[in-house]
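The data block below is query-v2.csv; it holds CSV, C-alpha atoms and all ligand atoms.
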```csv
chain,number,residue,atom,x,y,z
A,1,LYS,CA,-71.8,-18.4,-73.4
A,2,THR,CA,-68.4,-20.0,-72.9
A,3,GLN,CA,-68.5,-20.8,-69.2
A,4,GLU,CA,-67.0,-24.1,-68.1
A,5,THR,CA,-67.7,-25.2,-64.6
A,6,VAL,CA,-65.1,-25.9,-61.9
A,7,SER,CA,-65.1,-29.6,-61.1
A,8,SER,CA,-66.1,-29.2,-57.5
A,9,SER,CA,-66.0,-31.9,-54.8
A,10,SER,CA,-64.6,-34.5,-57.1
A,11,GLY,CA,-60.9,-34.1,-56.3
A,12,MET,CA,-60.2,-33.9,-60.0
A,13,PRO,CA,-58.2,-30.9,-61.1
A,14,SER,CA,-60.5,-28.1,-61.9
A,15,GLN,CA,-60.6,-26.7,-65.4
A,16,LYS,CA,-59.5,-23.2,-66.3
A,17,ILE,CA,-62.6,-21.1,-66.2
A,18,LYS,CA,-63.4,-18.7,-69.0
A,19,VAL,CA,-66.1,-16.4,-67.8
A,20,SER,CA,-67.5,-14.5,-70.7
A,21,GLU,CA,-71.2,-15.0,-70.2
A,22,ASP,CA,-73.4,-12.7,-72.1
A,23,THR,CA,-70.5,-10.5,-73.2
A,24,ALA,CA,-70.1,-9.2,-76.7
A,25,PRO,CA,-67.8,-11.0,-79.1
A,26,GLY,CA,-64.3,-9.8,-78.7
A,27,SER,CA,-64.8,-8.5,-75.1
A,28,ILE,CA,-62.3,-9.5,-72.5
A,29,SER,CA,-62.9,-12.8,-70.7
A,30,GLN,CA,-61.8,-13.3,-67.2
A,31,ASP,CA,-59.2,-15.9,-66.4
A,32,GLU,CA,-59.7,-18.0,-63.2
A,33,SER,CA,-56.6,-16.5,-61.7
A,34,ASP,CA,-58.3,-13.1,-61.6
A,35,ILE,CA,-61.1,-14.4,-59.3
A,36,PRO,CA,-60.3,-13.7,-55.7
A,37,THR,CA,-60.4,-17.2,-54.0
A,38,LEU,CA,-60.0,-18.2,-50.4
A,39,ALA,CA,-59.1,-21.8,-49.7
A,40,PHE,CA,-59.6,-22.9,-46.1
A,41,PRO,CA,-59.3,-26.0,-44.1
A,42,SER,CA,-62.0,-27.1,-41.6
A,43,ILE,CA,-60.9,-25.2,-38.5
A,44,SER,CA,-60.6,-27.2,-35.2
A,45,THR,CA,-61.9,-30.5,-36.5
A,46,ALA,CA,-58.7,-32.6,-36.4
A,47,ASP,CA,-56.1,-31.9,-33.7
A,48,PHE,CA,-58.6,-29.7,-31.8
A,49,GLN,CA,-61.2,-32.5,-31.8
A,50,PHE,CA,-64.3,-30.3,-32.5
A,51,ASP,CA,-67.5,-32.3,-33.3
A,52,LEU,CA,-67.8,-32.7,-37.1
A,53,GLU,CA,-71.6,-32.3,-37.3
A,54,LYS,CA,-71.6,-29.1,-35.3
A,55,ALA,CA,-68.6,-27.8,-37.2
A,56,SER,CA,-70.3,-28.4,-40.6
A,57,ASP,CA,-73.4,-26.5,-39.4
A,58,VAL,CA,-71.2,-23.6,-38.5
A,59,ILE,CA,-69.3,-23.6,-41.8
A,60,VAL,CA,-72.4,-23.8,-43.9
A,61,GLY,CA,-74.2,-21.1,-41.8
A,62,LYS,CA,-71.3,-18.7,-42.0
A,63,VAL,CA,-70.7,-19.3,-45.8
A,64,GLU,CA,-74.4,-18.6,-46.3
A,65,GLU,CA,-74.2,-15.4,-44.3
A,66,PHE,CA,-71.2,-14.1,-46.4
A,67,MET,CA,-72.6,-15.2,-49.8
A,68,ASP,CA,-74.0,-11.9,-50.8
A,69,LYS,CA,-70.9,-10.0,-49.7
A,70,LEU,CA,-68.6,-12.0,-51.9
A,71,GLY,CA,-69.0,-10.2,-55.2
A,72,ASN,CA,-67.2,-12.4,-57.7
A,73,ALA,CA,-65.0,-13.9,-55.0
A,74,ARG,CA,-65.0,-17.6,-54.1
A,75,LEU,CA,-64.7,-19.7,-51.0
A,76,VAL,CA,-63.3,-23.3,-51.1
A,77,LEU,CA,-63.2,-25.7,-48.2
A,78,VAL,CA,-60.2,-28.1,-48.6
A,79,ASP,CA,-59.3,-31.4,-47.1
A,80,LEU,CA,-56.7,-34.0,-47.9
A,81,THR,CA,-58.7,-37.1,-48.9
A,82,GLU,CA,-61.9,-38.0,-50.6
A,83,ARG,CA,-62.9,-39.9,-47.4
A,84,SER,CA,-63.0,-36.6,-45.5
A,85,LYS,CA,-66.2,-36.7,-43.4
A,86,ILE,CA,-66.3,-32.9,-42.9
A,87,LEU,CA,-66.3,-32.4,-46.7
A,88,SER,CA,-69.2,-34.8,-47.2
A,89,LEU,CA,-71.2,-33.2,-44.4
A,90,VAL,CA,-70.6,-29.7,-45.7
A,91,ARG,CA,-71.4,-30.6,-49.3
A,92,ALA,CA,-74.7,-32.2,-48.3
A,93,LYS,CA,-75.7,-29.2,-46.1
A,94,ALA,CA,-74.6,-26.6,-48.7
A,95,ALA,CA,-76.7,-28.4,-51.4
A,96,GLU,CA,-79.7,-28.5,-49.1
A,97,LYS,CA,-79.4,-24.7,-48.6
A,98,LYS,CA,-79.0,-24.3,-52.4
A,99,ILE,CA,-75.7,-22.4,-51.9
A,100,ASP,CA,-74.3,-21.3,-55.3
A,101,SER,CA,-71.7,-23.9,-56.1
A,102,LYS,CA,-69.7,-21.5,-58.3
A,103,ARG,CA,-69.1,-19.3,-55.2
A,104,PHE,CA,-68.6,-22.0,-52.7
A,105,PHE,CA,-67.4,-25.6,-53.2
A,106,THR,CA,-65.2,-28.2,-51.7
A,107,PHE,CA,-61.9,-29.5,-53.1
A,108,ILE,CA,-59.6,-32.4,-52.3
A,109,GLY,CA,-55.9,-31.8,-52.1
A,110,ASP,CA,-53.0,-30.4,-50.1
A,111,ILE,CA,-53.8,-26.7,-49.4
A,112,CYS,CA,-50.1,-25.9,-50.1
A,113,GLN,CA,-50.3,-27.3,-53.6
A,114,LEU,CA,-53.7,-26.4,-54.9
A,115,TYR,CA,-52.4,-24.8,-58.1
A,116,THR,CA,-49.4,-27.0,-58.9
A,117,LYS,CA,-51.1,-30.3,-58.1
A,118,GLY,CA,-54.8,-29.4,-58.5
A,119,GLY,CA,-54.9,-26.6,-61.1
A,120,LEU,CA,-57.0,-24.5,-58.7
A,121,CYS,CA,-55.9,-20.9,-58.4
A,122,CYS,CA,-56.3,-19.6,-54.8
A,123,ASN,CA,-54.7,-16.3,-54.0
A,124,VAL,CA,-55.5,-16.6,-50.3
A,125,ILE,CA,-55.2,-19.6,-48.0
A,126,ALA,CA,-56.3,-20.0,-44.4
A,127,ASN,CA,-54.3,-21.8,-41.7
A,128,ALA,CA,-55.7,-23.6,-38.6
A,129,ALA,CA,-53.1,-22.0,-36.4
A,130,ASN,CA,-52.0,-22.4,-32.8
A,131,TRP,CA,-52.1,-19.5,-30.3
A,132,ARG,CA,-48.4,-18.7,-30.5
A,133,LEU,CA,-48.5,-18.6,-34.3
A,134,LYS,CA,-45.6,-21.0,-34.3
A,135,PRO,CA,-44.6,-23.4,-37.1
A,136,GLY,CA,-44.8,-27.1,-36.6
A,137,GLY,CA,-47.2,-29.0,-34.3
A,138,GLY,CA,-48.6,-31.1,-37.2
A,139,GLY,CA,-51.7,-30.8,-39.3
A,140,VAL,CA,-52.3,-28.0,-41.7
A,141,ASN,CA,-50.2,-25.5,-39.6
A,142,ALA,CA,-47.0,-27.5,-40.0
A,143,ALA,CA,-47.7,-28.0,-43.8
A,144,ILE,CA,-48.3,-24.3,-44.4
A,145,PHE,CA,-45.3,-23.0,-42.4
A,146,ASN,CA,-43.2,-25.6,-44.2
A,147,ALA,CA,-44.4,-24.6,-47.6
A,148,GLY,CA,-44.2,-20.9,-46.8
A,149,GLY,CA,-40.6,-21.1,-45.6
A,150,PRO,CA,-38.8,-18.5,-43.5
A,151,ALA,CA,-40.5,-15.7,-45.3
A,152,LEU,CA,-43.9,-16.7,-44.0
A,153,GLU,CA,-42.5,-17.0,-40.5
A,154,ALA,CA,-41.0,-13.6,-40.6
A,155,ALA,CA,-44.0,-12.0,-42.2
A,156,THR,CA,-46.3,-13.5,-39.5
A,157,LYS,CA,-44.0,-12.2,-36.7
A,158,GLU,CA,-44.3,-8.8,-38.2
A,159,GLN,CA,-48.0,-8.8,-37.8
A,160,ALA,CA,-48.5,-10.4,-34.4
A,161,ARG,CA,-46.9,-12.8,-31.8
A,162,SER,CA,-50.1,-14.5,-30.6
A,163,LEU,CA,-53.8,-15.0,-31.4
A,164,LEU,CA,-56.9,-15.4,-29.3
A,165,PRO,CA,-59.5,-18.2,-30.0
A,166,GLY,CA,-62.1,-16.9,-32.5
A,167,ASN,CA,-59.7,-14.5,-34.2
A,168,ALA,CA,-57.9,-14.3,-37.6
A,169,LEU,CA,-54.7,-12.6,-38.7
A,170,VAL,CA,-54.1,-11.6,-42.3
A,171,VAL,CA,-50.5,-11.9,-43.3
A,172,PRO,CA,-49.3,-10.6,-46.7
A,173,LEU,CA,-46.8,-13.1,-48.2
A,174,PRO,CA,-43.5,-11.8,-49.5
A,175,SER,CA,-42.8,-12.8,-53.1
A,176,THR,CA,-39.7,-14.7,-51.9
A,177,SER,CA,-42.0,-17.3,-50.3
A,178,PRO,CA,-42.4,-20.5,-52.4
A,179,LEU,CA,-46.1,-20.4,-51.7
A,180,TYR,CA,-46.2,-17.1,-53.5
A,181,SER,CA,-43.9,-17.9,-56.4
A,182,LYS,CA,-45.1,-21.4,-57.1
A,183,GLU,CA,-48.7,-21.4,-56.0
A,184,GLY,CA,-49.7,-17.8,-56.5
A,185,VAL,CA,-50.7,-17.3,-52.8
A,186,THR,CA,-50.5,-13.6,-51.9
A,187,HIS,CA,-51.9,-13.8,-48.3
A,188,VAL,CA,-52.1,-16.4,-45.6
A,189,ILE,CA,-54.8,-15.9,-43.0
A,190,HIS,CA,-54.0,-17.6,-39.7
A,191,VAL,CA,-57.2,-18.6,-37.7
A,192,LEU,CA,-57.3,-19.8,-34.2
A,193,GLY,CA,-60.4,-22.0,-33.6
A,194,PRO,CA,-61.9,-23.5,-30.4
A,195,ASN,CA,-60.0,-26.4,-28.8
A,196,MET,CA,-61.7,-29.5,-27.4
A,197,ASN,CA,-58.5,-31.5,-27.0
A,198,PRO,CA,-57.5,-31.7,-23.3
A,199,ARG,CA,-53.8,-32.0,-24.3
A,200,ARG,CA,-53.8,-28.5,-26.0
A,201,PRO,CA,-54.0,-25.0,-24.4
A,202,ASN,CA,-57.4,-23.4,-23.8
A,203,CYS,CA,-59.4,-26.6,-23.8
A,204,LEU,CA,-63.2,-25.9,-23.6
A,205,ASP,CA,-64.0,-29.2,-22.0
A,206,ASN,CA,-66.8,-30.1,-24.4
A,207,ASP,CA,-68.6,-26.8,-23.8
A,208,TYR,CA,-70.2,-26.6,-27.2
A,209,VAL,CA,-72.3,-23.5,-26.5
A,210,LYS,CA,-69.0,-21.6,-26.1
A,211,GLY,CA,-67.3,-23.7,-28.7
A,212,CYS,CA,-69.8,-23.1,-31.5
A,213,LYS,CA,-69.7,-19.3,-30.7
A,214,VAL,CA,-65.9,-19.3,-30.9
A,215,LEU,CA,-66.0,-21.3,-34.2
A,216,GLU,CA,-68.5,-18.9,-35.6
A,217,ASP,CA,-66.3,-15.9,-34.6
A,218,ALA,CA,-63.3,-17.6,-36.2
A,219,TYR,CA,-65.1,-18.0,-39.6
A,220,SER,CA,-66.5,-14.5,-39.4
A,221,SER,CA,-63.0,-13.1,-38.8
A,222,LEU,CA,-61.6,-15.3,-41.6
A,223,PHE,CA,-64.2,-14.3,-44.2
A,224,LYS,CA,-64.0,-10.6,-43.2
A,225,GLY,CA,-60.2,-10.7,-43.4
A,226,PHE,CA,-60.5,-12.3,-46.9
A,227,LEU,CA,-63.0,-9.7,-48.1
A,228,SER,CA,-60.8,-6.9,-46.9
A,229,ILE,CA,-58.1,-8.0,-49.3
A,230,ALA,CA,-60.3,-9.4,-52.0
A,231,ASN,CA,-62.2,-6.3,-53.0
A,301,LIG,N1,-54.1,-29.5,-46.7
A,301,LIG,C1,-55.5,-29.4,-46.6
A,301,LIG,N2,-56.1,-29.8,-45.4
A,301,LIG,C2,-55.3,-30.3,-44.4
A,301,LIG,C3,-53.9,-30.4,-44.5
A,301,LIG,C4,-53.3,-30.0,-45.8
A,301,LIG,N3,-52.0,-30.0,-46.0
A,301,LIG,N4,-53.4,-30.9,-43.4
A,301,LIG,C5,-54.5,-31.1,-42.6
A,301,LIG,N5,-55.6,-30.7,-43.2
A,301,LIG,P1,-55.7,-29.5,-38.0
A,301,LIG,P2,-57.1,-28.0,-35.9
A,301,LIG,C6,-57.0,-30.7,-42.6
A,301,LIG,O1,-55.4,-30.7,-37.1
A,301,LIG,O2,-58.0,-29.2,-35.6
A,301,LIG,C7,-51.9,-27.9,-35.3
A,301,LIG,O3,-50.9,-28.7,-34.7
A,301,LIG,C8,-57.4,-31.7,-41.6
A,301,LIG,O4,-57.8,-33.0,-42.2
A,301,LIG,O5,-54.5,-29.1,-38.8
A,301,LIG,O6,-57.7,-26.6,-36.0
A,301,LIG,C9,-51.8,-26.4,-34.8
A,301,LIG,O7,-50.5,-26.0,-34.5
A,301,LIG,C10,-58.6,-31.1,-40.9
A,301,LIG,O8,-59.8,-31.2,-41.7
A,301,LIG,O9,-56.2,-28.2,-37.2
A,301,LIG,C11,-52.8,-26.3,-33.7
A,301,LIG,O10,-52.2,-26.5,-32.5
A,301,LIG,C12,-58.2,-29.6,-41.0
A,301,LIG,O11,-57.2,-29.5,-41.9
A,301,LIG,C13,-53.8,-27.4,-34.0
A,301,LIG,O12,-53.2,-28.3,-34.8
A,301,LIG,C14,-57.7,-29.0,-39.6
A,301,LIG,O13,-56.9,-29.9,-39.0
A,301,LIG,C15,-55.1,-26.9,-34.6
A,301,LIG,O14,-56.0,-28.0,-34.8
```
Reformat the file's structure so that it appears as structure tokens.
Ligand code: AR6
Amino acid sequence: KTQETVSSSSGMPSQKIKVSEDTAPGSISQDESDIPTLAFPSISTADFQFDLEKASDVIVGKVEEFMDKLGNARLVLVDLTERSKILSLVRAKAAEKKIDSKRFFTFIGDICQLYTKGGLCCNVIANAANWRLKPGGGGVNAAIFNAGGPALEAATKEQARSLLPGNALVVPLPSTSPLYSKEGVTHVIHVLGPNMNPRRPNCLDNDYVKGCKVLEDAYSSLFKGFLSIAN
């Protein structure tokens, strides 16, 4: 057995994984970069002002639902700082449900620099998008469109011009995008979550019955989209 574990949740750079459990000497070991990995931000919980307790229940519930469909793929919830409340809530709830921490874990860092700054290989990243699929606007959307460059904007436009709440759009990234060449990201999945911010379009006015349903749909679309390219 030569398996090292990923340093989850600590914000420390993860180690290169060598998976060669129970294999014969000399057999090929799998490098971490071969493991399909989706890094995703917590959808709707910053600019869209969605309740963090409720969002963490939705995230952990959806992760649990998709666990046995993952195969060897991994899901990683990312946020910028170690003080992230959503990361602590999700970590605690995932531990309670005994979710396999090799298949799902949290990571601290900029989702646009997970490999170069954090040593974590993620071939797919998700974006908390706006309905027009436009760059800018702050948050993770501005960061991803910035890092992806004009190639990401063009590739997104080729796929769609808008997105409905609860939906996700898989965009293959051209190799000319710096996110591809530097970070190893082959696809960006744009996700539009429910909005509770009265200053943004489609505000749900604190209707959390509808809001939770839309957030569940958003994560289902995201994970299905990821699985469609992962396997
Ligand atoms: N890396 C990782 N996580 C990040 C990063 C980053 N670079 N930047 C932010 N986060 P938000 P929303 C985390 O506001 O609430 C945009 O303007 C952040 O801490 O980006 O779905 C769009 O155009 C939080 O946990 O998305 C939409 O109009 C999470 O990402 C609107 O905001 C989501 O925060 C969407 O709002």
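Atom CA of Val185 of chain A is positioned 6.4 Å from atom CA of Cys122 of chain A.
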**OP:** Counting only C-alpha atoms, figure out which residue out of A:Trp131, A:Tyr219, A:Phe145, A:Tyr180 gets nearest to Ser42 of chain A.
**Re:** A:Tyr219
Hey, which residues sit close to ligand LIG 301 (chain A)? Say within 8 Å, counting all atoms listed in the file, and write them as a compact mmCIF listing (two decimals) with C-alpha atoms, keeping the file's coordinate frame.
```txt
# COMPACT_ATOMS: atom_id res chain seq x y z
CA PHE A 40 -59.60 -22.90 -46.10
CA PRO A 41 -59.30 -26.00 -44.10
CA SER A 42 -62.00 -27.10 -41.60
CA ILE A 43 -60.90 -25.20 -38.50
CA SER A 44 -60.60 -27.20 -35.20
CA THR A 45 -61.90 -30.50 -36.50
CA ALA A 46 -58.70 -32.60 -36.40
CA ASP A 47 -56.10 -31.90 -33.70
CA PHE A 48 -58.60 -29.70 -31.80
CA GLN A 49 -61.20 -32.50 -31.80
CA PHE A 50 -64.30 -30.30 -32.50
CA VAL A 78 -60.20 -28.10 -48.60
CA ASP A 79 -59.30 -31.40 -47.10
CA LEU A 80 -56.70 -34.00 -47.90
CA THR A 81 -58.70 -37.10 -48.90
CA SER A 84 -63.00 -36.60 -45.50
CA ILE A 86 -66.30 -32.90 -42.90
CA ILE A 108 -59.60 -32.40 -52.30
CA GLY A 109 -55.90 -31.80 -52.10
CA ASP A 110 -53.00 -30.40 -50.10
CA ILE A 111 -53.80 -26.70 -49.40
CA CYS A 112 -50.10 -25.90 -50.10
CA ASN A 127 -54.30 -21.80 -41.70
CA ALA A 128 -55.70 -23.60 -38.60
CA ALA A 129 -53.10 -22.00 -36.40
CA ASN A 130 -52.00 -22.40 -32.80
CA TRP A 131 -52.10 -19.50 -30.30
CA LEU A 133 -48.50 -18.60 -34.30
CA LYS A 134 -45.60 -21.00 -34.30
CA PRO A 135 -44.60 -23.40 -37.10
CA GLY A 136 -44.80 -27.10 -36.60
CA GLY A 137 -47.20 -29.00 -34.30
CA GLY A 138 -48.60 -31.10 -37.20
CA GLY A 139 -51.70 -30.80 -39.30
CA VAL A 140 -52.30 -28.00 -41.70
CA ASN A 141 -50.20 -25.50 -39.60
CA ALA A 142 -47.00 -27.50 -40.00
CA ALA A 143 -47.70 -28.00 -43.80
CA ILE A 144 -48.30 -24.30 -44.40
CA LEU A 192 -57.30 -19.80 -34.20
CA GLY A 193 -60.40 -22.00 -33.60
CA PRO A 194 -61.90 -23.50 -30.40
CA ASN A 195 -60.00 -26.40 -28.80
CA ARG A 200 -53.80 -28.50 -26.00
```
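Take atom CA of Leu173 of chain A and atom CA of Thr156 of chain A: the distance between them is 8.7 Å.
What separates atom CA of Leu120 of chain A from atom CA of Glu32 of chain A is a distance of 8.4 Å.
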Subject >> For Arg161 of chain A, the nearest of the candidates A:Arg103, A:His190, A:Lys182, A:Arg83, counting all atoms listed in the file >> reply: A:His190
Subject >> Residues near Lys85 of chain A, cut-off 10 Å, only C-alpha atoms, skip fewer than 6 positions along chain, as a PyMOL selection string >> reply: chain A and resi 52-53+56+79+91
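Residue nearest Ala73 of chain A within the list A:Leu227, A:Thr176, A:Met196, A:Thr106: A:Leu227 [criterion: smallest interatomic distance, only C-alpha atoms].
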